[in-house]
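Visitor: Dropping the structure in here first, questions after.
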Amino acid sequence: MAAIFPGEHVQDHRARPLLAVTVALFVMLPRVGFGAADDKKRAEREALKASLMQVLQREPLNASRVGVHMMSLDDGSVVFSHNADELLNPASNVKLVTSAAALVTLGPEYRFETEFLVETESDGVKTKTLYVRGKGDPSITTERLYGIVSDLFHTGLREVQDIVVDDSWFDAERTPPGFDQEDSDRAYMAPTGALSLNWNAVGVFLRPGDTVGSKGVVEIEPQSDFFVVESALTTGNARSRRFSVASDAAGAQQKIIVRGQVPHGGAYMSVYKKIDNPPMYFGQTLKQMLNARGVKVKGKVKQGLAPQKAKLVYVAHSDTFDIILKRLNKLSSNFVAETLLKVMGAESRGVPGTFAKGIDVVEDFLSREVGIPRGTYVMKNGSGLNDANRFSATQMDRILRYMYERFPLAPEYLSSLGIAGKDGTLKYRFDGTEAVGRLRAKTGTLENVSALSGYVQAAGGEKFIFSMMVNDYPGRSGPVVRGLDSLGAAVASVGSTMGPGRTVAELASEEKSSTPMAEVTSRVKTYLALGSQRDARNIGFLRTAWRSERDPAVRAVVAESLYQSNPQDYLGVRTLLDSYSAGTDVYGRLRAVARELSVEVPGLGAMVELAASGNAEALARIIELAGASAGDAASESEMAEGLGAVARTAPEELVQAMRTASARDRETATTLLARGLVQAGDAEHPFWKALRKSLGSTDTKLAEFSRSLEGSLSRKVAEEKAPKPLVPVQVVAPAASAPIGPGSVERTAETRPGG
């Protein structure tokens with residue numbers, strides 16, 4: 001029996017009447033505080049729903065397939081739902097699924113290993129063969145590899161005959177389903193490899209020669225015998241920045257083909273392209289670095305298997321997985337996502353790792369842990385690239401909620417996402433709204449697909465999860481992205497003095513504004529001057545200017561200046577493409593500005609430059625701009641020159657862009673392209689070769705279109721080359737006192753129409 005302290009029993013009896021009275025009073029009192037709080041919350045929710053529906057009813061979201069699902073993490077209630085169970089293409093939001101499964105399967109402390117081995121009889125100084133066995137480390141860079149080489153040097157290694165690279169930890173299939181839908185050498189299409197370097201991409205650096213007309217300089221980073229460079233790069237005038245870089249497999253090597261011009265006196269430029277043979281890329285770079293560090297490699301780099309009895313001399317460990325996870329989600333790395341699938345497959349289902357095994361691990365995680373049954377979604381790859389995956393907004397939110405509630409992993413998962421207005425792919429989004437710093441999310445972008453899913457703590461303190469996906473939208477991506485940002489900003493503003501309604505209204509009012517032409521011309525002149533400096537230090541100011549400017553023509557010029565300040569910045573390219581259009585509010589007004597300032601149409605050069613590099617969206621925009629230039633002699637002349645440059649450096653891509661253009665724009669573009677080809681005066685122009693190649697395509701529709709384009713273009717080239725009719729000679733009747741002679745005839749025969 002428990003001991004009773006003196007007075008304890010008495011105190012208990014005395015407390016009961018007081019407690020009873022307190023409870024009675026509490027019940028009798030009107031529940032003003034609780035009712036007011038509930039009413040306020042209900043009002044906020046209704047205001048949020050009304051604001052979200054208002055955004056969804058605007059163009060172009062109202063003409064698109066949209067799925068939205070939002071939940072409160074505080075009380076678990078569904079705050080908003082719109083087509084939330086429809087299976088849509090989530091684009092890179094698939095990385096949220098891949099990273100969640102990888103974090104649960106591998107753990108945040110997981111480290112990738114790369115093993116270095118020698119023959120058992122090696123003395124540690126000289127070895128016949130150095131074996132390198134990869135285990136899927138996606139984070140080895142040139143800098144890390146040099147550190148590894150230094151460590152090998154300090155083990156005492158001084159001489160190697162051959163290097164054998166072993167990537168048998170993965171199977172031989174380099175790219176997953178969905179990648180085959182796009183024939184591209186861009187870095188985001190990089191293949192997987194158990195031995196990989198620099199995310200299996202290579203940097204190609206270009207700079208001008210000493211004089212106009214001289215050869216341009218092409219350098220590869222990292223340098224090695226893996227690369228074969230074919231360069232036709234020349235040095236042009238200050239406006240000549242129209243070049244293309246292509247990367248093609250060449251057996252055990254990689255061929256880099258460079259065409260076009262770079263501006264005299266300009267700074268170096270860099271382009272990143274995928275490579276096709278990851279283990280040989282790794283091995284040849286390793287050989288180069290070993291020689292540079294003082295370890296002589298006398299033989300060759302070969303692919304093969306490390307013998308079972310080989311002696312392990314060094315193991316290179318990656319950073320922990322939680323660090324690598326940030327690159328996956330903040331920077332949306334397709335390469336890391338697809339590599340993780342194979343690593344999960346190898347670790348959980350046995351070597352070799354395959355895409356199929358990795359998908360099986362993910363599907364098992366979704367079914368067993370999250371409660372999303374197999375067969376209720378479609379997942380073919382880990383990155384979300386192209387048309388290979390389908391999820392619903394509800395399913396994405398279930399994954400987000402599961403990871404949030406799994407505390408040991410939640411901090412790593414949330415910290416891997418981009419922060420609105422701060423970093424990653426959200427660095428330049430949501431500026432000026434309550435979402436900045438409060439919203440963490442993963443973006444998703446494909447042709448006619450845009451998505452955003454993540455977490456937000458609203459201004460009032462309540463925490464939400466959300467998933468928003470837009471498919472099959474008409475027109476450009478810019479208005480869709482602004483619509484998604486409006487939805488996110490509305491949720492973030494719950495509990496603020498502004499609230500969702502005013503937030504959405506203000507964002508809508510900021511979308512378009514017209515400015516008097518005199519003021520537009522003045523502001524454009526200022527921003528053109530900033531862009532001409534090509535100084536990355538101006539980016540912060542220009543970003544602020546782009547956000548605050550409401551005139552679409554001025555915003556387009558600010559976007560061009562952002563691009564010129566750092567042409568390698570993907571977000572700058574994206575801003576330019578979203579801001580520049582062929583409509584009268586942008587291209588039409590900028591043509592008027594160009595006439596006033598006696599300059600090329602602002603932004604046109606940047607668009608031509610992007611198109612000349614093979615950017616598909618810029619190519620489509622250039623053809624639209626060509627259509628819009630019809631009837632304006634100066635603009636037609638600029639477009640003819642631009643299309644001629646694009647046809648030289650991106651001929652195959654231009655054929656495809658012409659194929660998908662509207663009939664009206666294609667007709668004008670064909671006329672101007674013919675003029676540009678004639679001006680180039682090159683009978684072996686690369687465009688004719690690309691057109692002939694398309695004639696033999698296995699795609700019968702492409703072959704048929706190419707045949708039609710060749711006929712139309714040939715006719716227009718012939719017309720362009722044909723002598724132009726002279727203006728009739730006008731004979732002026734002489735005055736009676738004037739002598740008849742050569743001086744009495746006013747000759748205009750040298751004048752041509754439009755001259």
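Naming works like this for the structure tokens: A, B, ... for the chains as they're shown, residue 1 at the start of each chain, ligands 1 onward in shown order.
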When you look at range 683-699 of chain A with a cut-off of 8 Å (counting only C-alpha atoms), what residues show up, excluding the ones that are within fewer than 3 positions of it in the same chain? I need them as a VMD selection string.
Guide: chain A and resid 647 to 649 651 to 652 655 677 702 to 704 706 to 707 710
Visitor: Using DSSP on the backbone coordinates, identify all residues within range 34-267 of chain A classified as strand (DSSP E); present the result as a PyMOL selection string.
Guide: chain A and resi 65-72+78-82+113-118+126-134+159-166+201-207+217-221+227-236+242-250+253-263
Visitor: Any idea what's packed within 8 Å of Gln457 in chain A, counting only C-alpha atoms, ignoring anything in its chain fewer than 6 positions away? Could you give it as a list in words?
Guide: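 The neighbour list is Arg438, Leu439, Lys463, Phe464 and Ala492 of chain A.
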Visitor: Output N, CA, C and O atoms for every residue in that selection, as a PDB file, in the first residue's frame.
Guide:
```
ATOM      1  N   ARG A 438       9.597  30.711 -47.243  1.00  0.00           N
ATOM      2  CA  ARG A 438       8.604  29.880 -46.554  1.00  0.00           C
ATOM      3  C   ARG A 438       8.260  28.611 -47.336  1.00  0.00           C
ATOM      4  O   ARG A 438       7.793  27.644 -46.761  1.00  0.00           O
ATOM      5  N   LEU A 439       8.451  28.649 -48.625  1.00  0.00           N
ATOM      6  CA  LEU A 439       8.020  27.559 -49.490  1.00  0.00           C
ATOM      7  C   LEU A 439       9.233  26.767 -49.965  1.00  0.00           C
ATOM      8  O   LEU A 439      10.213  27.341 -50.449  1.00  0.00           O
ATOM      9  N   LYS A 463       1.152  24.948 -41.510  1.00  0.00           N
ATOM     10  CA  LYS A 463       1.997  24.266 -42.490  1.00  0.00           C
ATOM     11  C   LYS A 463       1.133  23.451 -43.447  1.00  0.00           C
ATOM     12  O   LYS A 463       0.191  22.779 -43.027  1.00  0.00           O
ATOM     13  N   PHE A 464       1.498  23.509 -44.741  1.00  0.00           N
ATOM     14  CA  PHE A 464       0.732  22.836 -45.784  1.00  0.00           C
ATOM     15  C   PHE A 464       1.661  22.006 -46.666  1.00  0.00           C
ATOM     16  O   PHE A 464       2.855  22.300 -46.788  1.00  0.00           O
ATOM     17  N   ALA A 492       0.877  30.599 -49.197  1.00  0.00           N
ATOM     18  CA  ALA A 492       1.852  31.185 -48.272  1.00  0.00           C
ATOM     19  C   ALA A 492       1.303  32.412 -47.561  1.00  0.00           C
ATOM     20  O   ALA A 492       1.756  32.756 -46.466  1.00  0.00           O
TER      21      ALA A 492
END
```
Visitor: Looking only at helix (DSSP H, G or I) from DSSP on the backbone, list the matching residues of range 105-151 of chain A as a list in words.
Guide: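 Answer for range 105-151 of chain A restricted to helix (DSSP H, G or I) is Thr105, Leu106, Thr142, Glu143, Arg144, Leu145, Tyr146, Gly147, Ile148, Val149, Ser150 and Asp151 of chain A.
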Visitor: Export C-alpha atoms of the chosen residues as a compact mmCIF listing (two decimals), in the first residue's frame?
Guide:
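Saved the output as out20.txt:
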```txt
# COMPACT_ATOMS: atom_id res chain seq x y z
CA THR A 105 16.45 2.46 -48.85
CA LEU A 106 20.03 3.71 -48.59
CA THR A 142 37.53 16.53 -61.89
CA GLU A 143 38.56 18.11 -58.59
CA ARG A 144 37.66 15.01 -56.55
CA LEU A 145 39.41 12.74 -59.02
CA TYR A 146 42.61 14.76 -58.70
CA GLY A 147 42.40 14.32 -54.92
CA ILE A 148 41.98 10.58 -55.43
CA VAL A 149 45.03 10.54 -57.71
CA SER A 150 47.05 12.34 -55.03
CA ASP A 151 46.01 9.70 -52.49
```
